[in-house]
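One file, structure-v7.cif, carrying mmCIF, C-alpha atoms:
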```
data_upload
loop_
_atom_site.label_atom_id
_atom_site.label_comp_id
_atom_site.auth_asym_id
_atom_site.auth_seq_id
_atom_site.Cartn_x
_atom_site.Cartn_y
_atom_site.Cartn_z
CA MET A 1 0.00 0.00 0.00
CA SER A 2 1.37 3.40 -0.91
CA PHE A 3 1.73 5.59 2.17
CA LYS A 4 1.43 9.19 1.02
CA LYS A 5 2.93 11.79 3.29
CA SER A 6 4.03 15.21 2.08
CA PHE A 7 7.10 17.01 3.31
CA VAL A 8 9.48 19.72 2.14
CA PHE A 9 12.06 18.14 -0.12
CA VAL A 10 15.53 19.11 -1.26
CA PRO A 11 16.10 17.94 -4.89
CA VAL A 12 17.32 14.35 -5.03
CA VAL A 13 20.31 13.16 -7.05
CA PHE A 14 19.92 9.63 -8.41
CA ALA A 15 23.07 7.57 -8.23
CA ALA A 16 24.32 4.10 -9.03
CA ALA A 17 25.11 1.59 -6.29
CA MET A 18 28.35 2.13 -4.40
CA GLY A 19 31.42 0.03 -5.03
CA ALA A 20 33.14 -2.48 -2.80
CA GLN A 21 33.30 -1.89 0.93
CA SER A 22 36.52 -0.48 2.36
CA ALA A 23 38.39 -1.86 5.36
CA PHE A 24 36.18 -2.16 8.42
CA ALA A 25 38.05 0.23 10.73
CA LEU A 26 35.16 2.62 11.26
CA GLU A 27 33.22 2.71 14.53
CA VAL A 28 29.71 4.13 14.36
CA PRO A 29 29.33 7.16 16.67
CA GLY A 30 26.37 5.71 18.58
CA PRO A 31 23.11 3.79 18.17
CA LEU A 32 21.79 6.53 15.86
CA VAL A 33 23.37 8.27 12.87
CA ASP A 34 21.99 11.06 10.68
CA PRO A 35 21.89 11.21 6.86
CA ALA A 36 24.94 13.49 6.61
CA TRP A 37 27.09 11.04 8.61
CA LEU A 38 25.88 8.03 6.61
CA ASN A 39 26.37 9.76 3.28
CA ALA A 40 29.95 10.57 4.26
CA HIS A 41 30.65 6.93 5.18
CA LEU A 42 28.75 4.92 2.57
CA ASN A 43 31.94 3.12 1.54
CA ASP A 44 32.72 2.18 5.14
CA VAL A 45 29.48 0.53 6.32
CA LYS A 46 26.95 -2.06 5.24
CA VAL A 47 23.53 -0.51 4.78
CA LEU A 48 20.52 -2.77 5.39
CA GLN A 49 17.27 -1.21 4.28
CA VAL A 50 14.08 -2.56 5.85
CA SER A 51 11.68 -0.02 4.39
CA GLY A 52 8.87 -1.86 2.66
CA PRO A 53 8.47 -4.27 -0.27
CA LEU A 54 11.09 -4.84 -2.98
CA LYS A 55 8.92 -2.89 -5.46
CA ALA A 56 9.30 0.25 -3.34
CA PHE A 57 13.03 -0.43 -2.99
CA THR A 58 13.42 -0.20 -6.77
CA THR A 59 10.94 2.63 -7.44
CA ALA A 60 11.87 6.29 -7.62
CA PRO A 61 10.25 8.63 -5.07
CA GLU A 62 7.16 10.46 -6.29
CA ILE A 63 8.05 14.13 -6.35
CA LYS A 64 5.64 16.99 -7.05
CA LYS A 65 5.43 20.76 -6.87
CA GLU A 66 2.92 22.13 -4.39
CA ASP A 67 2.57 25.84 -3.55
CA GLY A 68 5.93 26.51 -5.14
CA LYS A 69 7.68 23.87 -3.02
CA THR A 70 9.13 20.52 -4.00
CA VAL A 71 7.54 17.75 -1.95
CA VAL A 72 7.79 13.96 -1.84
CA MET A 73 4.44 12.19 -2.01
CA ASP A 74 5.82 8.66 -1.61
CA VAL A 75 8.98 7.48 0.12
CA SER A 76 10.69 4.87 -2.05
CA GLY A 77 13.99 4.03 -3.68
CA HIS A 78 17.02 3.11 -1.61
CA ILE A 79 20.35 4.34 -0.37
CA PRO A 80 23.12 3.53 -2.88
CA GLY A 81 24.73 0.19 -2.07
CA ALA A 82 22.02 -0.85 0.40
CA SER A 83 20.82 -4.43 0.65
CA PHE A 84 17.08 -5.10 0.70
CA VAL A 85 15.75 -6.74 3.85
CA ASP A 86 12.28 -8.28 3.86
CA PHE A 87 10.96 -7.69 7.39
CA LYS A 88 8.46 -10.53 6.99
CA LYS A 89 11.35 -12.99 6.80
CA ILE A 90 13.48 -11.95 9.76
CA ARG A 91 11.28 -13.66 12.39
CA VAL A 92 10.04 -17.24 12.58
CA THR A 93 7.56 -19.54 14.30
CA LYS A 94 9.16 -21.53 17.11
CA ASP A 95 8.11 -24.42 19.30
CA VAL A 96 8.30 -23.14 22.89
CA ASP A 97 7.22 -25.58 25.61
CA GLY A 98 5.10 -27.37 23.01
CA LYS A 99 3.46 -24.13 21.86
CA LYS A 100 3.79 -22.68 18.36
CA VAL A 101 4.78 -19.05 18.88
CA LYS A 102 4.97 -16.72 15.90
CA GLY A 103 7.34 -13.80 15.37
CA MET A 104 10.30 -15.18 17.31
CA ILE A 105 14.01 -14.63 16.73
CA PRO A 106 15.51 -17.28 14.39
CA ASP A 107 18.08 -19.69 15.80
CA LYS A 108 21.74 -18.84 15.44
CA ALA A 109 22.41 -20.70 12.19
CA ALA A 110 19.29 -19.37 10.48
CA PHE A 111 19.97 -15.75 11.41
CA GLU A 112 23.60 -16.07 10.39
CA ALA A 113 22.48 -17.32 6.97
CA LEU A 114 20.10 -14.36 6.64
CA ALA A 115 22.81 -11.84 7.47
CA GLN A 116 25.17 -13.45 4.98
CA SER A 117 22.48 -13.37 2.28
CA TRP A 118 22.27 -9.58 2.79
CA GLY A 119 26.01 -9.33 2.12
CA VAL A 120 27.11 -8.58 5.68
CA ASN A 121 30.73 -9.41 6.45
CA LYS A 122 32.66 -10.10 9.65
CA ASP A 123 33.50 -7.01 11.71
CA GLU A 124 31.63 -4.78 9.26
CA PRO A 125 29.78 -1.74 10.64
CA ILE A 126 26.04 -1.93 9.95
CA VAL A 127 23.51 0.86 9.49
CA ILE A 128 19.86 -0.17 9.44
CA VAL A 129 17.43 2.02 7.51
CA PRO A 130 13.64 1.99 8.12
CA LYS A 131 11.09 3.79 5.96
CA GLY A 132 10.88 6.44 8.67
CA LEU A 133 7.28 7.58 8.47
CA SER A 134 5.91 6.13 11.72
CA THR A 135 6.99 4.48 14.94
CA GLY A 136 5.70 1.18 13.58
CA ASP A 137 8.06 1.08 10.63
CA VAL A 138 10.94 2.53 12.67
CA ASP A 139 10.38 -0.43 14.99
CA GLU A 140 11.11 -2.77 12.09
CA ALA A 141 14.64 -1.40 12.24
CA THR A 142 14.84 -1.70 16.04
CA ARG A 143 13.68 -5.32 15.86
CA LEU A 144 16.42 -6.17 13.37
CA TYR A 145 18.91 -4.21 15.49
CA TRP A 146 17.92 -6.22 18.60
CA GLN A 147 18.35 -9.52 16.76
CA PHE A 148 21.81 -8.53 15.54
CA LYS A 149 22.67 -7.41 19.07
CA TYR A 150 21.47 -10.72 20.49
CA TYR A 151 23.87 -12.54 18.18
CA GLY A 152 26.89 -10.42 19.04
CA GLN A 153 26.94 -7.47 16.62
CA LYS A 154 28.11 -4.36 18.45
CA ASN A 155 29.23 -1.93 15.75
CA MET A 156 25.90 -0.81 14.29
CA ALA A 157 23.38 2.01 14.23
CA ILE A 158 19.96 3.00 12.93
CA LEU A 159 19.52 5.89 10.49
CA ASN A 160 17.47 8.39 12.48
CA GLY A 161 14.42 9.32 10.42
CA GLY A 162 15.09 6.53 7.98
CA MET A 163 14.62 6.82 4.23
CA ALA A 164 12.13 9.66 4.70
CA GLN A 165 14.78 11.85 6.33
CA TRP A 166 17.39 10.75 3.80
CA LEU A 167 15.15 12.05 1.01
CA ALA A 168 14.24 15.20 2.91
CA ASP A 169 17.94 16.00 3.24
CA GLY A 170 18.49 15.63 -0.51
CA MET A 171 20.81 12.63 -0.34
CA PRO A 172 21.54 10.37 -3.36
CA VAL A 173 18.97 7.73 -4.25
CA ALA A 174 19.27 4.51 -6.24
CA THR A 175 16.52 2.40 -7.84
CA ASP A 176 18.52 -0.61 -9.05
CA ASN A 177 18.20 -4.11 -7.63
CA PRO A 178 21.80 -4.77 -6.56
CA ASP A 179 23.35 -8.17 -7.11
CA VAL A 180 24.41 -8.84 -3.53
CA LYS A 181 27.53 -10.89 -2.97
CA PRO A 182 27.04 -13.24 0.04
CA GLY A 183 28.93 -12.11 3.12
CA ASP A 184 30.81 -14.05 5.79
CA TRP A 185 29.19 -12.58 8.92
CA VAL A 186 29.27 -14.97 11.89
CA ALA A 187 27.05 -14.88 14.98
CA LYS A 188 29.31 -14.56 18.03
CA GLY A 189 26.97 -16.06 20.61
CA GLU A 190 23.67 -15.35 22.29
CA ASP A 191 23.39 -12.31 24.56
CA LYS A 192 20.69 -13.60 26.89
CA LYS A 193 21.00 -10.49 29.05
CA ILE A 194 18.77 -8.65 26.55
CA LEU A 195 16.18 -11.43 26.24
CA ALA A 196 13.32 -12.16 28.67
CA THR A 197 11.60 -15.54 28.74
CA TYR A 198 8.08 -16.48 29.81
CA LYS A 199 9.38 -17.84 33.14
CA GLU A 200 11.14 -14.56 33.89
CA VAL A 201 8.05 -12.55 33.00
CA LYS A 202 5.81 -14.75 35.13
CA HIS A 203 8.22 -14.35 38.03
CA ALA A 204 8.03 -10.57 37.60
CA VAL A 205 4.23 -10.71 37.62
CA ASP A 206 4.15 -12.99 40.67
CA HIS A 207 6.69 -10.89 42.57
CA PRO A 208 5.62 -7.25 42.18
CA GLY A 209 8.47 -4.78 42.29
CA SER A 210 11.23 -7.29 41.52
CA VAL A 211 11.39 -6.16 37.89
CA GLN A 212 9.47 -3.37 36.19
CA LEU A 213 7.27 -4.33 33.25
CA ALA A 214 6.88 -1.85 30.39
CA ASP A 215 3.98 -2.28 27.94
CA ALA A 216 4.89 -0.83 24.53
CA ARG A 217 1.43 -1.10 22.94
CA PRO A 218 -1.11 1.65 22.23
CA ALA A 219 -3.20 2.71 25.23
CA ASN A 220 -6.38 1.08 23.88
CA GLN A 221 -4.68 -2.33 23.94
CA TYR A 222 -3.09 -1.70 27.34
CA MET A 223 -6.52 -0.84 28.80
CA GLY A 224 -8.29 -3.73 27.07
CA VAL A 225 -10.50 -1.59 24.83
CA PHE A 226 -9.04 -3.48 21.86
CA THR A 227 -7.65 -7.00 22.09
CA LYS A 228 -5.86 -8.91 19.36
CA LYS A 229 -6.93 -12.45 18.54
CA GLY A 230 -5.41 -15.08 20.79
CA GLU A 231 -4.45 -12.66 23.55
CA LYS A 232 -5.71 -11.95 27.02
CA SER A 233 -7.38 -8.54 27.33
CA GLY A 234 -5.54 -5.71 29.01
CA HIS A 235 -2.01 -5.79 30.37
CA LEU A 236 0.30 -7.67 32.70
CA GLU A 237 -0.13 -6.98 36.40
CA GLY A 238 2.05 -4.06 37.43
CA ALA A 239 3.01 -3.05 33.88
CA LYS A 240 3.30 0.63 32.99
CA ASN A 241 2.29 1.85 29.55
CA MET A 242 4.78 3.63 27.28
CA SER A 243 2.69 4.04 24.13
CA PRO A 244 4.51 3.80 20.76
CA ASP A 245 3.38 7.28 19.75
CA LEU A 246 5.70 8.62 22.47
CA LEU A 247 8.84 7.09 20.98
CA THR A 248 9.29 9.18 17.83
CA THR A 249 8.49 12.66 16.66
CA ALA A 250 7.21 13.59 13.20
CA ASP A 251 7.34 17.19 12.07
CA GLY A 252 6.22 16.59 8.50
CA ALA A 253 9.52 15.08 7.35
CA SER A 254 10.12 11.84 9.26
CA ALA A 255 9.64 9.89 12.47
CA ARG A 256 12.78 10.43 14.52
CA PHE A 257 13.92 9.44 17.99
CA LEU A 258 13.86 11.99 20.81
CA PRO A 259 16.72 13.17 23.06
CA LYS A 260 17.59 10.97 26.04
CA ALA A 261 16.27 13.58 28.49
CA SER A 262 12.82 13.44 26.90
CA TYR A 263 12.58 9.68 27.39
CA VAL A 264 13.81 9.86 30.98
CA SER A 265 11.21 12.51 31.76
CA MET A 266 8.36 10.56 30.15
CA MET A 267 9.40 7.26 31.71
CA LYS A 268 9.32 8.82 35.16
CA LYS A 269 5.92 10.34 34.40
CA VAL A 270 4.38 6.95 33.57
CA GLY A 271 6.03 5.31 36.59
CA LEU A 272 9.10 3.71 35.02
CA SER A 273 12.59 4.12 36.44
CA PRO A 274 15.32 4.66 33.82
CA ASN A 275 17.77 2.70 35.98
CA LYS A 276 15.83 -0.35 37.12
CA SER A 277 15.75 -3.81 35.59
CA THR A 278 13.05 -3.66 32.92
CA ILE A 279 11.20 -6.13 30.70
CA ASP A 280 9.66 -4.54 27.61
CA TYR A 281 6.77 -6.36 25.94
CA CYS A 282 4.01 -5.81 23.38
CA ASN A 283 1.98 -8.31 21.31
CA THR A 284 4.76 -10.14 19.45
CA GLY A 285 8.03 -8.30 20.22
CA HIS A 286 7.80 -5.77 17.38
CA LEU A 287 6.73 -2.54 19.11
CA ALA A 288 8.55 -3.62 22.27
CA SER A 289 11.82 -3.67 20.33
CA GLY A 290 11.41 0.08 19.88
CA LEU A 291 10.93 0.60 23.59
CA TRP A 292 13.87 -1.72 24.30
CA PHE A 293 16.03 0.34 21.90
CA VAL A 294 15.02 3.50 23.73
CA THR A 295 15.55 2.10 27.24
CA HIS A 296 18.71 0.08 26.55
CA GLU A 297 20.51 1.98 23.80
CA ILE A 298 19.44 5.63 24.22
CA VAL A 299 18.59 5.95 27.91
CA GLY A 300 21.38 3.52 28.82
CA ASP A 301 19.48 1.05 31.03
CA LYS A 302 21.66 -2.00 30.32
CA LYS A 303 19.34 -4.17 32.40
CA ALA A 304 16.49 -3.72 29.91
CA ARG A 305 15.28 -6.92 28.22
CA LEU A 306 12.86 -7.69 25.41
CA TYR A 307 10.20 -10.36 25.93
CA ASP A 308 10.42 -11.98 22.52
CA GLY A 309 7.16 -13.94 22.72
CA SER A 310 5.35 -11.04 24.44
CA LEU A 311 1.63 -11.18 25.18
CA VAL A 312 0.87 -13.68 22.42
CA GLU A 313 3.10 -16.29 24.05
CA TYR A 314 2.12 -15.33 27.60
CA SER A 315 -1.57 -15.83 26.81
CA MET A 316 -0.94 -19.43 25.69
CA TYR A 317 -0.14 -20.64 29.19
CA ASP A 318 -2.79 -22.06 31.49
CA GLY A 319 -3.83 -19.63 34.17
CA ALA A 320 -2.41 -16.60 32.37
CA LYS A 321 -3.84 -13.49 34.02
CA THR A 322 -3.99 -9.88 32.94
CA VAL A 323 -5.50 -6.66 34.21
CA ASP A 324 -8.53 -5.92 32.02
CA THR A 325 -9.13 -2.27 32.91
CA ALA A 326 -11.92 -1.74 30.37
CA LYS A 327 -13.59 -4.99 31.54
CA LEU A 328 -14.47 -6.05 28.00
CA GLY A 329 -12.50 -9.30 27.98
CA LYS A 330 -14.24 -12.65 27.96
#
```

As structure tokens, how would this structure be written, given the file I've shared?
Amino acid sequence: MSFKKSFVFVPVVFAAAMGAQSAFALEVPGPLVDPAWLNAHLNDVKVLQVSGPLKAFTTAPEIKKEDGKTVVMDVSGHIPGASFVDFKKIRVTKDVDGKKVKGMIPDKAAFEALAQSWGVNKDEPIVIVPKGLSTGDVDEATRLYWQFKYYGQKNMAILNGGMAQWLADGMPVATDNPDVKPGDWVAKGEDKKILATYKEVKHAVDHPGSVQLADARPANQYMGVFTKKGEKSGHLEGAKNMSPDLLTTADGASARFLPKASYVSMMKKVGLSPNKSTIDYCNTGHLASGLWFVTHEIVGDKKARLYDGSLVEYSMYDGAKTVDTAKLGK
């Protein structure tokens, strides 16, 4: 579906894909980079673009004149040299305690094969690029970031504002379908300090105050006004709601992350400590990856974990209980 969103646009220069990667000596400056930094280092990093279907990846942006200004009506195309990542393929269905849970992180070998198919090499800096129009699509980048982090990748960042901001800043755009040479990236292990399991979540629910639970879903789901199929209504006992619309700002150009101080202030307002052990959850671990990225990478709470199975998995267990504030659950 074409998502039309207008914003002031600096004329775009179309370019061919970049050449071979240079030596991997570069360290990214932090978990976020801006278009100017990425454009200056395109030969030094591997760009992974998770910004919609392949058709959009190879289609030029729709540019029009409105009220004497150049605007982009559709965000498409890709950053020169980027590899296309299909978000629908980065998560899998797993058997967990005899339960089929969708949207889980692939096992080590499977994820390693995926990364190699995108052309990622050992010790290569990675920059992940979302579409950048909403928190939901930005969270596709944070989910991929979390999975790379889980398997040992440290030198990586997300392009703040994604492809939308890249276009708004007038950076070069390509529309080819690059022939990607397989890489030799290797998973270095499993960082279980950033993963929460059902048993750990249940312990947190049964022992209030031991760990803080952060619900990353919209308020209507947190309250139980709307419930997705297969889930218990409402939220986990003791969980505080940090709605996804609080995680990024859109000023007509792109959805971008906020300063650290803004998140700390909002977390305290909703009852979350920026320094306490936290488990972030949502429905399937998609939106919660955005909250995890904020709490762990931007705020700096290194005790923050993502509940991969989230409420979908939790609801599968006998006796699963939630707080149904709206009292609409059956």

Inset, instruction - Using only C-alpha atoms, determine which residues lie at most 10 Å from Lys88 (chain A), disregarding the query and same-chain residues fewer than 4 positions distant; provide the list as a VMD selection string. - result: chain A and resid 50 52 to 53 92 103 140

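The two atoms in question, CA of Lys102 (chain A) and CA of Ser310 (chain A), are spaced 10.3 Å apart.
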
Inset, instruction - Considering all atoms listed in the file, state which residue in the set A:Val211, A:Met242, A:Val270, A:Ala216 is at the smallest distance from Ala196 (chain A). - result: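 Comparing A:Val211, A:Met242, A:Val270, A:Ala216 against Ala196 (chain A), the winner is A:Val211.
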
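Taken over the shown file, the PyMOL selection byres ((chain A and resi 38-47) around 6) identifies Gln21, Ser22, Pro35, Ala36, Trp37, Leu48, Ala82, Pro125, Ile126, Val127 and Ile128 of chain A.
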
Legend entry - Nearby residues (all atoms listed in the file) at most 9 Å from Glu190 (chain A), same-chain spacing under 6 positions excluded, as a count of residues only: 5

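The gap separating CA of Pro172 (chain A) from CA of Pro80 (chain A) is 7.0 Å, in Å to one decimal.
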
Inset, instruction - Determine the residue membership of the PyMOL selection byres ((chain A and resi 183) around 6) for the file above and supply it as number ranges by chain. - result: A: 116, 119-121, 182, 184-185

For those residues, write C-alpha atoms to a file as a short mmCIF file (atom, residue, chain, number, x, y, z; two decimals), in the coordinates of the input.
```
data_model
loop_
_atom_site.label_atom_id
_atom_site.label_comp_id
_atom_site.auth_asym_id
_atom_site.auth_seq_id
_atom_site.Cartn_x
_atom_site.Cartn_y
_atom_site.Cartn_z
CA GLN A 116 25.17 -13.45 4.98
CA GLY A 119 26.01 -9.33 2.12
CA VAL A 120 27.11 -8.58 5.68
CA ASN A 121 30.73 -9.41 6.45
CA PRO A 182 27.04 -13.24 0.04
CA ASP A 184 30.81 -14.05 5.79
CA TRP A 185 29.19 -12.58 8.92
#
```

Inset, instruction - Given the file shown, enumerate the residues that the PyMOL selection byres ((chain A and resi 235) around 8) captures and present them as a list in words. - result: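 So the PyMOL selection byres ((chain A and resi 235) around 8) ends up selecting Asp215, Gln221, Tyr222, Met223, Gly224, Lys232, Ser233, Gly234, Leu236, Glu237, Ala239, Thr322, Val323 and Asp324 of chain A.
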